[in-house]
Every structure is written in C-alpha cells, then in structure tokens.
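Written below as structure tokens is the structure these notes are about.
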Amino acid sequence: MTPDTLMTPEKIHLDGKTFVPADQIPIPEWPCVVSERPQPTLTVKDDDLFLVTDTLGNISGCSLNDGNPSMGLFCSDTRFLSRLELQIDGHSPVLLSSTAEKGFSLSILCTNPRIEDRLRADTVGIRRELVLNGALFEELEVSNYSTSSVIFELSISFDADFADLFEVRGYDRDKRGRLLRLVEPTPEEGTSTGDGVSASGSPVQKEQSLILAYQGLDGLVMESRIQFQHRQPDYFKGYTAVWRLELASHETQKLGYRANLLTNNQSSSTVSAAFTLVQAKAGEMMEEQHWVQQITRIRSDKGTFNRIIERAEQDMYLLRQSFGKYKTVSAGVPWFSSLFGRDSIITASQSLMLNPQIAKETLFLLATYQGKADDEWREEEPGKMLHELRFGELARCQEIPHTPYYGTVDATPLWLMLYAEYYAWTHDGETLEQLWSNAVLAMDWIDRNLKETGYLSYIRKSKRGLDNQGWKDSGDCIVNRKGELATGPIALCEVQAYVYAAKLRMAEIARLKKRIDLSDRWTEEARNLKLRFNRDFWMEDQDFCALALDGDGKQVDSITSNPGHCLHLGIFTPEKAYSVAERLRAPDMFNGWGIRTLNSLSPAYNPMGYHIGSVWPHDNALIAMGLRSLGLIDQALELFEGLFDMTNQQPYQRPPELFCGYERNGDNAPVQYPVACTPQAWATGTIFQLLQMIVNLVPDAPNNCLRIIDPTLPESISSLSVHNLKVGPTILDLEFERSGNTTACRVANKRGNLRVVIEA
C-alpha cells in the first residue's frame, strides 16, 4: 500500500478519491443479453494487455457463466473488465463481420435487429474499433441508412470483477478482496472532481467517466477508469453508459471511450497509454513496422504459404512482453500470457533464424531470476531456471508459489543449450562472458541432481506445485503401456537428451574459455550418459525408447512422441535413432497432420487429451528436425506439409497450441482442441523452425562460417527467398529454387565477410 493510501473499516482514501465497500451502495443492474450458445472469441494483445471478446466485440456477463470464462480485459494476471456489452434499445446487435487480423485491434461491423415497430431490422450500421496500447480504446461510428430519421438508445455496460487469472481458470479461494464504489467526496474528505456513484445509486457526473475499483487482500487498490470521448453519454444506469441518439437519414455519429487500468493510482501496464485511439493505432503500427525491419524476411512463390509466414512474424511481435528492462515472448493467450522458462527458451531457439535478439533478451531475463536458495514452496534451488512468473493477487498474497515458481526439470538444460546456440549464430562474446557464471551455476544444479541416479528427474515438493514438470505437465500424461500413472521421481527421456546436448555444447565453450578441466569433464560425462541412456531407456521388445524411468528405476513403457525430441541431439546410437524415427511414423502415432503425443493403441489414449493423444506443432517441429538430422528428408518434409496444411485451415492461418489427434481422412479439417491458446509462442515458433529445417542452415559464427547442407524445398514450394539473415556481424540474402528433386541455393547478397559453404 502506498503511503498516501489510508484505510478505515468504512472508507478508503486514495489520492483525493474516496471509496467504500461496494455492498454499502447497491447500484442498478442493466440486464445482459443471453446468447443461446457460447460464442466463438476474438483475441488481441499488446505487451502485457490482452482482450478476449465474442465476435461482436462484447464481453457479456451472461457469457462468462455460459462457457466462455476466458473473456475479459486482462493485465498483470488480473481481469480489469469482465463486462463490455454493447446493446441497441436493450437488444444485442446482429453481427455482419468481425476480425482480429491486426492482432492489437478488433474491427466489428454490426446492425440492429427488428425492435418492435420502432426500428426496422438492418436500419442502423455500427462500426466498432477496439485498440490496445497501454489502455483499451474504442470508437463507434453509428450510421442511419434509412430514408427517415431514427431515435433509439445505444448502451455500453461495463463491469470488473478484478479476478486473478487463476480464479478465472477455476482456482477456488477461501477469501478474496472487496469491490469498491467511488463516492462523492465531502469538503473535509478532499476536493477531488472524480466521478462516482451517489448514495442513491445514480452516478455522480462531473468529468463523464466511470470508475470500477477493487481492493485486494494485499491492500492494493485496482481501478478501471473509463473516460468518454467524442459525445458524452446522456445518462448512466449503474455502470452502463447510455446515449439517446437521434440520427437523420444517412447521418453518422461517433462515440468512444478510453479505459485506463490502474494499481494504486499508477498505470498497471508497463506501456505508456496513448490519449486517443488514432494515436494508439499509429503507435502500434510504427512499433510493428520497426520490428518487421529488424527481422529476417522469408517468402516463397506461394501466397498461401506466405500468409502463414506473415502471420507468424506478426504473432511473434504480438507475443513479446516486457519484464523489467527485457522483452521476451509470453507463452500464449489467454492462459499463459506471462513469462515461462521452458516456453520462452524453446521459442527463442526456434526463432534464432528470425531474430537472435529474442534469444539474447530471454537468456538475460531468465538469468536474473536464476534460483539462489532452497525454497520448497517455490521449488527454487540454486542455479535452477524458473518455470512460471505471475503478478496477480494470488501470487502477491502467496496463495500460489509463482513469484516465481521453479517447478520445471528441463528449463535449466534448455537454457544452456540456447546459450550455446545463440553464440553459434552471433559470435556475441560479450554476452557469452556476462552469462558464463550463470551457465556454470546451471550446470552445477544439473550435476547435483544427477548424483543419486545418474539421470535428471523431478518430483513435486510444493503443495501448490505441478505433479509433472516436463513439457507434458498435465496430471495424467506420464503413463505406462497399461495406461497406469507412473510414480516419481520421474526421469523423462528427452530431458536426458537435453542434458547430453548441454554438456557437449558447454564443453566447447569451456574449451574456448581455456577451462580445459571443465571441457574434459563435461565431455566425459556426456559420453557416459549416452552409454547408460541407451541401455536403461531402450525397450528391446518394442524396439523403441521408454517415455521415462519411474521412481524405482523401471521403464515407463508407453509409446509417445517424447523420444522424438532426442533424435537431433545425438544421444541415441544410430540404429536406435532410426528405429525411433520409423516407429513415430506408424499409423497409431502419425495421424496425417502430425505425430500424436501418445499412440492410439494405448489404453490411456484420448484424441482430445491435452498430452495423451493430441498433436502439438512444436513437438512435431522438433521431431522433424530430428528426422532431417538422420537424413530422413522425405519423412521430415511429410511432417512439414502436414503441419502447414493444418495451419492453413486455422483462423488467421495461425498454428494453435495443439489440436485433437483424430485421423486425417480425405477432406476433413483438423479437429480443434477446445481451449487451445492462440496465438501461442512455440506453436508460432514452429513455422520458423520448420523453415530452418528445409533449408538446413548450420551457423558457426565464431569460425565465420555458415553451412547450408542439402537444402530441400517441399513439392508445394518452387522457390524461397531469405532476406536480412544475420549470422555474426554479416547480413545476407539467400535464394533457393527447386527443380524436380533438386534444390539449388545461391547467395544473392552479402554484407560482411562470412564464408557460406553450400553442401549438396
């Protein structure tokens, strides 16, 4: 609580404003319009703000209870608007069209239904535009298309429950803070001219604004402050603004508002809010244009293919989020719009070809949160990388351990892999040096955890932590071939491959730094790990790799996608690698669009299960990289084509977090997973990882070299251009062209002295 916030049992004084508990002043309700079924949603995002509405641009109080709990305006894991509902004379508008194409704005065109004998259907056209830029802006253009004048009321109902995102997801709290009402201050309480609600329940109007407020259990006061622009409302009923409109034939009037989000009278968003929608839109467009100029531009001869790439470029921009002085990609909207260790690392690795700056900022950001002490509640340990960071009331009140929470087994070896990969792309010796101590601490954490069994494993320590702490972190996914849950500590197969790769790559860096002792030790440890892994994880009867070893050292013997992550990291012996590659493409694993997380013959298989039969794009991209590394180019291209075909059928050509594992038959569309995040970071990064896979770039910036090994375009593409690619200090343009089964590559332009070696 700030020093100028005073609290009594009855009143709260904050910077000249006086609030009382909401239950002291009931206000009139404006009925919501009940939809007959849950609406599909539109999503927009700007840094740490995101908005989810129905296709009308509305957040109906009814819809939140009818199956769309994710709708709302969110910032810092808090829902600042839980209702935003446009009505015409108390009726829902009729949708004509809507789009969230731009990513940071919604555009909606709607009209009126027939309203008794007063307003014929399709008389009034309403154009809504909503923009995020440090605040929420909306402008409405209301037009009369009849030959005579019309009179009607237009209303927008607001409300805010200030729910923590974990509450929205279903977390039950014993107690929560209290909603507040702003009251007219008396002279002795101050001279604020802010608007509020009088004791009678009618809003006090001075500056034509509405203020919705809440005080959390931690004492912080959060506000949604709605200020009206263009034409002021004619009256308020509770938190509903109402305009009495009289429009002459073909007359248009403009209405609008700005919703600022505040915590203890300071902006809740890290982004400075514009003043008007026009300024907000211009600011977003300029920032995005700057981003586009920095990144690698990849285009083909096929328009459908290019639209997927352009969408992925835009989504990577939208998903970036500020955390202190760094920006990295948040994991996904709506549930994971925050910092996640594993997700941000994998996405940064996927997009090194697009923009290595993402990797640099991700490495530094995660290093600032690297574990420093042993803390069972947060599962923090010295040297360990975080899993998830949250800023909502539940985290602030220590009801959840996400401050940050460290329950991840793989973020630490993945961070080390990214550290080495980033250096291979950039030869950024300064970053290598600055993060060396963090890298050594991370390796020390791995080594301490390897001591007991020789494998990196996890078991939940926090009562509010995750049972499963690999990338498949749902509670029901680590099962044996009988469909039975494994018990911990669990050593996942892919995590051992990450440790193997981290040790080999760190050994190379240690040699560069003249730490021959560390280099030799890590190389030897990697060699020993590979020998033991191929012995202990291999299922001779299935000719496949076990998902994991359980707490008794027994194999968790189901057939899953996890061993596919091992393929490009070199931990398998060659014959075992080819055996895994072949098995992954069997019909019970490959559904025509991609490889399932769990084979369809398992008793635990569910095509709608989050990790037990669904298909994840990022999972498949990693497998495709592995197939390519084994020289199984046709098989890798089959995955490429399936994933791009799937993406082309998604709204906005945007790959979802996951989709259902149902078989691809004929012309059937991929079956959507009901609550998949979209946009989602490592699904978006999949597009760039797959592009890297087909052209097969192998950067070695420290030795001033880029190898392009047997580039192969799929049959759906004849040519591909790569512009503004950065390898070390060199910027180059590449062009690929397919003729029959052969793909040629040429260097079209080069600014720098990088050696480019094309190996066909």
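Quick note on naming: the chains in the structure tokens go A, B, ... in the order shown, residues restart at 1 in each chain, and ligands are numbered from 1 in order of appearance.
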Which residues are close to A:Asp218, i.e. within 10 Å by only C-alpha atoms, leaving aside same-chain residues fewer than 5 positions away? Reply as a list in words.
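Here the qualifying residues turn out to be Met1, Arg176, Gly177, Glu393, Leu394, Arg396, Cys397 and Gln398 of chain A.
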Restrict the selected residues to C-alpha atoms and save them as a PDB file, in the first residue's frame.
ATOM      1  CA  MET A   1       0.000   0.000   0.000  1.00  0.00           C
ATOM      2  CA  ARG A 176     -10.933 -12.535  -1.753  1.00  0.00           C
ATOM      3  CA  GLY A 177     -10.713  -8.760  -1.619  1.00  0.00           C
ATOM      4  CA  GLU A 393      -3.269 -11.081  -6.330  1.00  0.00           C
ATOM      5  CA  LEU A 394      -2.866 -14.816  -5.645  1.00  0.00           C
ATOM      6  CA  ARG A 396       1.191 -11.336  -4.269  1.00  0.00           C
ATOM      7  CA  CYS A 397      -0.633 -12.946  -1.341  1.00  0.00           C
ATOM      8  CA  GLN A 398       1.468 -16.130  -1.537  1.00  0.00           C
TER       9      GLN A 398
END
Extract, using only C-alpha atoms, all DNA, RNA and protein residues at most 12 Å from A:Gly371, discarding same-chain residues fewer than 4 positions from it, and format them as a PyMOL selection string.
chain A and resi 366-367+375-376+378-387+403-408+411-412+438+441-442+444-445
Using only C-alpha atoms, can you tell me which of A:Gly609, A:Gly642, A:Ala581, A:His723 comes closest to A:Ile623?
A:Ala581
Using only C-alpha atoms, which of the listed residues (A:Leu86, A:Leu691, A:Ala280, A:Cys677) sits closest to A:Leu42?
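Closest candidate: A:Cys677.
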Pick the closest to A:Ala676 from A:Thr742, A:Ser614, A:Thr263, A:Asn648: which is it, counting only C-alpha atoms?
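Among the listed residues, A:Ser614 lies closest to A:Ala676.
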Please determine, counting only C-alpha atoms, which residue among A:Leu547, A:Leu352, A:Leu245, A:Val33 has the shortest atom-to-atom distance to A:Val698.
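For A:Val698, the nearest of the given residues is A:Leu352.
Every protein, DNA or RNA residue with an atom at most 8 Å from A:His427, where only C-alpha atoms count and chain neighbours fewer than 6 positions away do not, is listed here: A:Ala701, A:Pro702, A:Gly728.
Summary of the local environment: counting only C-alpha atoms, residues at most 8 Å from A:Glu657, other than itself and those fewer than 3 positions away along its chain, are A:Trp616, A:Pro617, A:Ala676, A:Cys677, A:Thr678, A:Pro679, A:Gln680, A:Trp682, A:Ala683.
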Create the file for the chosen residues now, containing N, CA and C atoms and written as a PDB file, in the first residue's frame.
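So part.pdb came out as:
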ATOM      1  N   TRP A 616       0.770 -31.684 -31.077  1.00  0.00           N
ATOM      2  CA  TRP A 616       1.334 -30.363 -30.779  1.00  0.00           C
ATOM      3  C   TRP A 616       2.297 -29.958 -31.900  1.00  0.00           C
ATOM      4  N   PRO A 617       2.090 -28.796 -32.510  1.00  0.00           N
ATOM      5  CA  PRO A 617       3.007 -28.374 -33.576  1.00  0.00           C
ATOM      6  C   PRO A 617       4.470 -28.320 -33.149  1.00  0.00           C
ATOM      7  N   ALA A 676      -7.422 -24.406 -26.718  1.00  0.00           N
ATOM      8  CA  ALA A 676      -6.025 -24.185 -27.100  1.00  0.00           C
ATOM      9  C   ALA A 676      -5.713 -22.695 -27.108  1.00  0.00           C
ATOM     10  N   CYS A 677      -4.532 -22.341 -26.636  1.00  0.00           N
ATOM     11  CA  CYS A 677      -4.083 -20.953 -26.707  1.00  0.00           C
ATOM     12  C   CYS A 677      -3.792 -20.590 -28.159  1.00  0.00           C
ATOM     13  N   THR A 678      -4.173 -19.383 -28.530  1.00  0.00           N
ATOM     14  CA  THR A 678      -3.848 -18.867 -29.853  1.00  0.00           C
ATOM     15  C   THR A 678      -3.935 -17.345 -29.798  1.00  0.00           C
ATOM     16  N   PRO A 679      -2.886 -16.609 -30.146  1.00  0.00           N
ATOM     17  CA  PRO A 679      -1.575 -17.120 -30.556  1.00  0.00           C
ATOM     18  C   PRO A 679      -0.828 -17.746 -29.384  1.00  0.00           C
ATOM     19  N   GLN A 680       0.062 -18.670 -29.728  1.00  0.00           N
ATOM     20  CA  GLN A 680       0.852 -19.365 -28.717  1.00  0.00           C
ATOM     21  C   GLN A 680       2.293 -19.416 -29.189  1.00  0.00           C
ATOM     22  N   TRP A 682       5.389 -21.236 -28.813  1.00  0.00           N
ATOM     23  CA  TRP A 682       6.189 -22.244 -29.511  1.00  0.00           C
ATOM     24  C   TRP A 682       5.441 -22.866 -30.679  1.00  0.00           C
ATOM     25  N   ALA A 683       4.109 -22.679 -30.757  1.00  0.00           N
ATOM     26  CA  ALA A 683       3.394 -23.036 -31.990  1.00  0.00           C
ATOM     27  C   ALA A 683       3.777 -22.063 -33.099  1.00  0.00           C
TER      28      ALA A 683
END
Show me, as JSON, numbers by chain, the residues that have an atom within 12 Å of A:Ser97 when counting only C-alpha atoms, minus same-chain residues fewer than 4 positions from it.
{"A": [42, 54, 55, 56, 57, 93, 106, 107, 108, 109, 110, 111, 125, 126, 127, 128]}
When DSSP is applied to the backbone of this structure, which of stretch 478-647 of chain A are assigned strand (DSSP E or B)? Write them out as a ChimeraX atom specification.
/A:479,485,490-492,538-539,544-545,548-549,555-556,560,590,595-596,598,615
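Using only C-alpha atoms, the nearest neighbour of A:Pro729 within the list A:Tyr369, A:Trp436, A:Tyr257, A:Trp425 is A:Trp425.
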I want to know what sits within 8 Å of stretch 454-458 of chain A, based on only C-alpha atoms, with residues of the same chain fewer than 5 positions away left out; could you give that as a ChimeraX atom specification?
/A:408-409,446,449,468-469,488-492,495-496,499,529
Could you please take those selected residues and save all heavy atoms as an mmCIF file, in the first residue's frame?
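Final file, again24.cif:
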data_model
loop_
_atom_site.group_PDB
_atom_site.id
_atom_site.type_symbol
_atom_site.label_atom_id
_atom_site.label_comp_id
_atom_site.auth_asym_id
_atom_site.auth_seq_id
_atom_site.Cartn_x
_atom_site.Cartn_y
_atom_site.Cartn_z
ATOM 1 N N THR A 408 10.151 -26.926 -12.840
ATOM 2 C CA THR A 408 10.425 -27.403 -14.195
ATOM 3 C C THR A 408 11.749 -28.144 -14.179
ATOM 4 O O THR A 408 12.734 -27.654 -13.625
ATOM 5 C CB THR A 408 10.477 -26.245 -15.212
ATOM 6 O OG1 THR A 408 10.963 -26.729 -16.463
ATOM 7 C CG2 THR A 408 11.398 -25.125 -14.756
ATOM 8 N N VAL A 409 11.770 -29.315 -14.800
ATOM 9 C CA VAL A 409 13.005 -30.104 -14.816
ATOM 10 C C VAL A 409 13.875 -29.784 -16.019
ATOM 11 O O VAL A 409 15.083 -30.030 -16.013
ATOM 12 C CB VAL A 409 12.679 -31.616 -14.768
ATOM 13 C CG1 VAL A 409 12.072 -32.098 -16.101
ATOM 14 C CG2 VAL A 409 13.892 -32.444 -14.395
ATOM 15 N N ILE A 446 22.366 -29.069 -12.385
ATOM 16 C CA ILE A 446 22.143 -30.346 -13.075
ATOM 17 C C ILE A 446 22.970 -31.447 -12.418
ATOM 18 O O ILE A 446 22.459 -32.537 -12.108
ATOM 19 C CB ILE A 446 22.490 -30.210 -14.574
ATOM 20 C CG1 ILE A 446 21.465 -29.318 -15.282
ATOM 21 C CG2 ILE A 446 22.554 -31.586 -15.247
ATOM 22 C CD1 ILE A 446 21.844 -28.954 -16.710
ATOM 23 N N ASN A 449 21.738 -32.783 -9.163
ATOM 24 C CA ASN A 449 20.541 -33.606 -9.303
ATOM 25 C C ASN A 449 20.797 -34.919 -10.032
ATOM 26 O O ASN A 449 19.951 -35.821 -9.990
ATOM 27 C CB ASN A 449 19.446 -32.801 -10.007
ATOM 28 C CG ASN A 449 18.811 -31.785 -9.081
ATOM 29 O OD1 ASN A 449 17.858 -32.091 -8.390
ATOM 30 N ND2 ASN A 449 19.382 -30.577 -9.023
ATOM 31 N N ASN A 468 3.691 -33.049 -12.652
ATOM 32 C CA ASN A 468 4.604 -33.354 -13.763
ATOM 33 C C ASN A 468 5.306 -32.087 -14.211
ATOM 34 O O ASN A 468 4.662 -31.052 -14.399
ATOM 35 C CB ASN A 468 3.846 -34.004 -14.917
ATOM 36 C CG ASN A 468 3.455 -35.434 -14.598
ATOM 37 O OD1 ASN A 468 4.257 -36.191 -14.045
ATOM 38 N ND2 ASN A 468 2.225 -35.810 -14.900
ATOM 39 N N GLN A 469 6.625 -32.178 -14.430
ATOM 40 C CA GLN A 469 7.422 -30.965 -14.606
ATOM 41 C C GLN A 469 8.283 -30.980 -15.864
ATOM 42 O O GLN A 469 9.257 -30.235 -15.969
ATOM 43 C CB GLN A 469 8.265 -30.730 -13.348
ATOM 44 C CG GLN A 469 7.385 -30.558 -12.108
ATOM 45 C CD GLN A 469 8.126 -30.204 -10.848
ATOM 46 O OE1 GLN A 469 9.354 -30.079 -10.839
ATOM 47 N NE2 GLN A 469 7.399 -30.023 -9.760
ATOM 48 N N GLY A 488 6.844 -40.967 -9.010
ATOM 49 C CA GLY A 488 8.150 -40.330 -9.096
ATOM 50 C C GLY A 488 9.157 -40.833 -8.093
ATOM 51 O O GLY A 488 8.833 -41.694 -7.292
ATOM 52 N N PRO A 489 10.366 -40.265 -8.161
ATOM 53 C CA PRO A 489 10.825 -39.245 -9.123
ATOM 54 C C PRO A 489 10.849 -39.782 -10.567
ATOM 55 O O PRO A 489 11.196 -40.945 -10.776
ATOM 56 C CB PRO A 489 12.236 -38.910 -8.648
ATOM 57 C CG PRO A 489 12.321 -39.426 -7.241
ATOM 58 C CD PRO A 489 11.415 -40.594 -7.176
ATOM 59 N N ILE A 490 10.483 -38.919 -11.508
ATOM 60 C CA ILE A 490 10.382 -39.282 -12.921
ATOM 61 C C ILE A 490 11.573 -38.717 -13.677
ATOM 62 O O ILE A 490 11.864 -37.517 -13.595
ATOM 63 C CB ILE A 490 9.082 -38.722 -13.541
ATOM 64 C CG1 ILE A 490 7.854 -39.239 -12.781
ATOM 65 C CG2 ILE A 490 9.001 -39.051 -15.027
ATOM 66 C CD1 ILE A 490 7.562 -40.702 -12.945
ATOM 67 N N ALA A 491 12.250 -39.589 -14.436
ATOM 68 C CA ALA A 491 13.350 -39.158 -15.319
ATOM 69 C C ALA A 491 12.869 -39.305 -16.756
ATOM 70 O O ALA A 491 12.789 -40.426 -17.282
ATOM 71 C CB ALA A 491 14.593 -40.006 -15.071
ATOM 72 N N LEU A 492 12.508 -38.195 -17.399
ATOM 73 C CA LEU A 492 11.996 -38.215 -18.776
ATOM 74 C C LEU A 492 13.123 -38.439 -19.771
ATOM 75 O O LEU A 492 14.235 -37.920 -19.591
ATOM 76 C CB LEU A 492 11.296 -36.894 -19.092
ATOM 77 C CG LEU A 492 10.024 -36.588 -18.297
ATOM 78 C CD1 LEU A 492 9.639 -35.127 -18.460
ATOM 79 C CD2 LEU A 492 8.888 -37.502 -18.747
ATOM 80 N N VAL A 495 14.611 -35.216 -21.445
ATOM 81 C CA VAL A 495 15.391 -34.369 -20.535
ATOM 82 C C VAL A 495 16.837 -34.853 -20.466
ATOM 83 O O VAL A 495 17.774 -34.048 -20.391
ATOM 84 C CB VAL A 495 14.738 -34.343 -19.135
ATOM 85 C CG1 VAL A 495 15.619 -33.615 -18.132
ATOM 86 C CG2 VAL A 495 13.364 -33.681 -19.210
ATOM 87 N N GLN A 496 17.028 -36.171 -20.547
ATOM 88 C CA GLN A 496 18.405 -36.697 -20.544
ATOM 89 C C GLN A 496 19.123 -36.279 -21.831
ATOM 90 O O GLN A 496 20.332 -35.997 -21.812
ATOM 91 C CB GLN A 496 18.406 -38.217 -20.386
ATOM 92 C CG GLN A 496 17.451 -38.767 -19.336
ATOM 93 C CD GLN A 496 17.383 -37.962 -18.037
ATOM 94 O OE1 GLN A 496 18.420 -37.596 -17.462
ATOM 95 N NE2 GLN A 496 16.160 -37.672 -17.570
ATOM 96 N N VAL A 499 20.272 -32.761 -21.347
ATOM 97 C CA VAL A 499 21.476 -32.723 -20.509
ATOM 98 C C VAL A 499 22.699 -33.125 -21.331
ATOM 99 O O VAL A 499 23.760 -32.481 -21.257
ATOM 100 C CB VAL A 499 21.318 -33.655 -19.284
ATOM 101 C CG1 VAL A 499 22.642 -33.782 -18.530
ATOM 102 C CG2 VAL A 499 20.220 -33.132 -18.361
ATOM 103 N N LEU A 529 26.786 -40.681 -20.039
ATOM 104 C CA LEU A 529 25.327 -40.561 -20.041
ATOM 105 C C LEU A 529 24.740 -41.262 -21.263
ATOM 106 O O LEU A 529 23.738 -41.980 -21.173
ATOM 107 C CB LEU A 529 24.918 -39.086 -20.013
ATOM 108 C CG LEU A 529 23.412 -38.773 -20.120
ATOM 109 C CD1 LEU A 529 22.636 -39.440 -18.986
ATOM 110 C CD2 LEU A 529 23.170 -37.271 -20.126
#
What is the atom CA of A:Glu288-atom CA of A:Pro356 distance in Å, reported with one decimal?
17.1 Å
Do you know which residues are at most 10 Å from stretch 219-223 of chain A counting only C-alpha atoms, after dropping those on the same chain fewer than 3 positions away, and could you put them as an mmCIF file with N, CA and C atoms, in the first residue's frame?
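Everything below was put into selection.cif:
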data_model
loop_
_atom_site.group_PDB
_atom_site.id
_atom_site.type_symbol
_atom_site.label_atom_id
_atom_site.label_comp_id
_atom_site.auth_asym_id
_atom_site.auth_seq_id
_atom_site.Cartn_x
_atom_site.Cartn_y
_atom_site.Cartn_z
ATOM 1 N N MET A 1 0.846 -1.185 0.000
ATOM 2 C CA MET A 1 0.000 0.000 0.000
ATOM 3 C C MET A 1 0.889 1.245 0.000
ATOM 4 N N THR A 2 0.566 2.216 -0.827
ATOM 5 C CA THR A 2 1.363 3.430 -0.894
ATOM 6 C C THR A 2 1.121 4.266 0.349
ATOM 7 N N THR A 5 -2.241 6.089 0.858
ATOM 8 C CA THR A 5 -3.469 5.302 0.892
ATOM 9 C C THR A 5 -3.826 5.033 2.351
ATOM 10 N N LEU A 6 -4.942 5.569 2.802
ATOM 11 C CA LEU A 6 -5.391 5.352 4.173
ATOM 12 C C LEU A 6 -6.637 4.493 4.156
ATOM 13 N N MET A 7 -6.759 3.587 5.116
ATOM 14 C CA MET A 7 -7.887 2.669 5.112
ATOM 15 C C MET A 7 -8.543 2.677 6.477
ATOM 16 N N ILE A 12 -12.019 4.153 2.128
ATOM 17 C CA ILE A 12 -10.632 4.114 1.664
ATOM 18 C C ILE A 12 -10.366 5.426 0.950
ATOM 19 N N LEU A 14 -7.717 7.423 -1.393
ATOM 20 C CA LEU A 14 -6.586 7.178 -2.289
ATOM 21 C C LEU A 14 -6.424 8.373 -3.208
ATOM 22 N N PHE A 19 -13.387 5.757 -1.530
ATOM 23 C CA PHE A 19 -14.113 4.546 -1.900
ATOM 24 C C PHE A 19 -14.755 3.957 -0.661
ATOM 25 N N THR A 78 -4.666 -10.038 -13.990
ATOM 26 C CA THR A 78 -5.891 -9.548 -13.354
ATOM 27 C C THR A 78 -6.889 -9.162 -14.430
ATOM 28 N N PHE A 80 -9.442 -6.782 -15.586
ATOM 29 C CA PHE A 80 -9.860 -5.405 -15.306
ATOM 30 C C PHE A 80 -11.218 -5.074 -15.921
ATOM 31 N N LEU A 81 -11.691 -5.858 -16.871
ATOM 32 C CA LEU A 81 -13.067 -5.734 -17.357
ATOM 33 C C LEU A 81 -13.638 -7.137 -17.514
ATOM 34 N N ALA A 160 -16.311 -5.016 -13.743
ATOM 35 C CA ALA A 160 -14.977 -5.569 -13.498
ATOM 36 C C ALA A 160 -15.019 -6.375 -12.221
ATOM 37 N N PHE A 162 -12.196 -8.010 -11.285
ATOM 38 C CA PHE A 162 -10.794 -7.972 -10.853
ATOM 39 C C PHE A 162 -10.317 -9.354 -10.392
ATOM 40 N N GLY A 177 -10.576 -10.167 -1.995
ATOM 41 C CA GLY A 177 -10.713 -8.760 -1.619
ATOM 42 C C GLY A 177 -12.136 -8.264 -1.814
ATOM 43 N N ARG A 178 -12.298 -6.938 -1.815
ATOM 44 C CA ARG A 178 -13.654 -6.396 -1.888
ATOM 45 C C ARG A 178 -13.770 -5.394 -3.028
ATOM 46 N N LEU A 179 -14.890 -5.486 -3.734
ATOM 47 C CA LEU A 179 -15.216 -4.492 -4.744
ATOM 48 C C LEU A 179 -15.537 -3.178 -4.051
ATOM 49 N N LEU A 180 -15.218 -2.072 -4.703
ATOM 50 C CA LEU A 180 -15.391 -0.742 -4.118
ATOM 51 C C LEU A 180 -16.300 0.108 -4.994
ATOM 52 N N LEU A 210 -16.477 6.687 -15.667
ATOM 53 C CA LEU A 210 -16.876 5.649 -14.727
ATOM 54 C C LEU A 210 -15.618 5.067 -14.102
ATOM 55 N N ILE A 211 -15.674 4.779 -12.823
ATOM 56 C CA ILE A 211 -14.532 4.153 -12.155
ATOM 57 C C ILE A 211 -15.017 2.893 -11.448
ATOM 58 N N LEU A 212 -14.460 1.761 -11.841
ATOM 59 C CA LEU A 212 -14.716 0.493 -11.183
ATOM 60 C C LEU A 212 -13.475 0.168 -10.362
ATOM 61 N N ALA A 213 -13.645 -0.290 -9.142
ATOM 62 C CA ALA A 213 -12.489 -0.444 -8.254
ATOM 63 C C ALA A 213 -12.621 -1.676 -7.368
ATOM 64 N N TYR A 214 -11.461 -2.094 -6.863
ATOM 65 C CA TYR A 214 -11.374 -3.308 -6.041
ATOM 66 C C TYR A 214 -10.141 -3.188 -5.172
ATOM 67 N N GLN A 215 -10.261 -3.630 -3.946
ATOM 68 C CA GLN A 215 -9.100 -3.688 -3.065
ATOM 69 C C GLN A 215 -8.773 -5.146 -2.772
ATOM 70 N N GLY A 216 -7.542 -5.544 -3.109
ATOM 71 C CA GLY A 216 -7.120 -6.910 -2.891
ATOM 72 C C GLY A 216 -6.809 -7.177 -1.435
ATOM 73 N N ILE A 226 -12.856 4.614 -16.909
ATOM 74 C CA ILE A 226 -13.384 4.726 -18.273
ATOM 75 C C ILE A 226 -13.770 6.173 -18.527
ATOM 76 N N ALA A 259 -10.303 3.176 -21.628
ATOM 77 C CA ALA A 259 -10.291 2.501 -20.324
ATOM 78 C C ALA A 259 -8.848 2.383 -19.860
ATOM 79 N N ASN A 260 -8.508 3.158 -18.827
ATOM 80 C CA ASN A 260 -7.175 3.078 -18.224
ATOM 81 C C ASN A 260 -7.209 2.122 -17.043
ATOM 82 N N LEU A 261 -6.151 1.346 -16.896
ATOM 83 C CA LEU A 261 -6.062 0.357 -15.828
ATOM 84 C C LEU A 261 -5.019 0.831 -14.833
ATOM 85 N N LEU A 262 -5.407 0.909 -13.566
ATOM 86 C CA LEU A 262 -4.539 1.493 -12.543
ATOM 87 C C LEU A 262 -4.407 0.560 -11.347
ATOM 88 N N THR A 263 -3.240 0.572 -10.744
ATOM 89 C CA THR A 263 -3.000 -0.099 -9.468
ATOM 90 C C THR A 263 -2.390 0.930 -8.526
ATOM 91 N N ASN A 264 -3.111 1.222 -7.432
ATOM 92 C CA ASN A 264 -2.708 2.303 -6.516
ATOM 93 C C ASN A 264 -2.369 3.588 -7.261
ATOM 94 N N ASN A 265 -3.252 3.917 -8.207
ATOM 95 C CA ASN A 265 -3.199 5.165 -8.965
ATOM 96 C C ASN A 265 -2.039 5.246 -9.953
ATOM 97 N N GLN A 266 -1.307 4.130 -10.143
ATOM 98 C CA GLN A 266 -0.264 4.066 -11.163
ATOM 99 C C GLN A 266 -0.727 3.127 -12.271
ATOM 100 N N SER A 267 -0.266 3.390 -13.495
ATOM 101 C CA SER A 267 -0.667 2.527 -14.612
ATOM 102 C C SER A 267 -0.296 1.075 -14.330
ATOM 103 N N SER A 268 -1.232 0.175 -14.524
ATOM 104 C CA SER A 268 -0.967 -1.253 -14.316
ATOM 105 C C SER A 268 -0.125 -1.829 -15.447
ATOM 106 N N GLU A 393 -3.033 -11.152 -7.772
ATOM 107 C CA GLU A 393 -3.269 -11.081 -6.330
ATOM 108 C C GLU A 393 -2.904 -12.391 -5.634
ATOM 109 N N ARG A 396 0.775 -12.367 -5.236
ATOM 110 C CA ARG A 396 1.191 -11.336 -4.269
ATOM 111 C C ARG A 396 0.862 -11.744 -2.837
#
Stretch 312-389 of chain A: which residues are helix (DSSP H, G or I) by DSSP, as a ChimeraX atom specification?
/A:312-319,341-350,356-368
With distances taken over only C-alpha atoms, which of A:Lys726, A:Arg654, A:Arg505, A:Lys750 is nearest to A:Glu310?
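Checking each of A:Lys726, A:Arg654, A:Arg505, A:Lys750 against A:Glu310, counting only C-alpha atoms, the winner is A:Arg654.
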Separation of atom CA of A:Leu627 from atom CA of A:Ile345, in Å and rounded to one decimal:
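Interatomic distance here is 21.7 Å.
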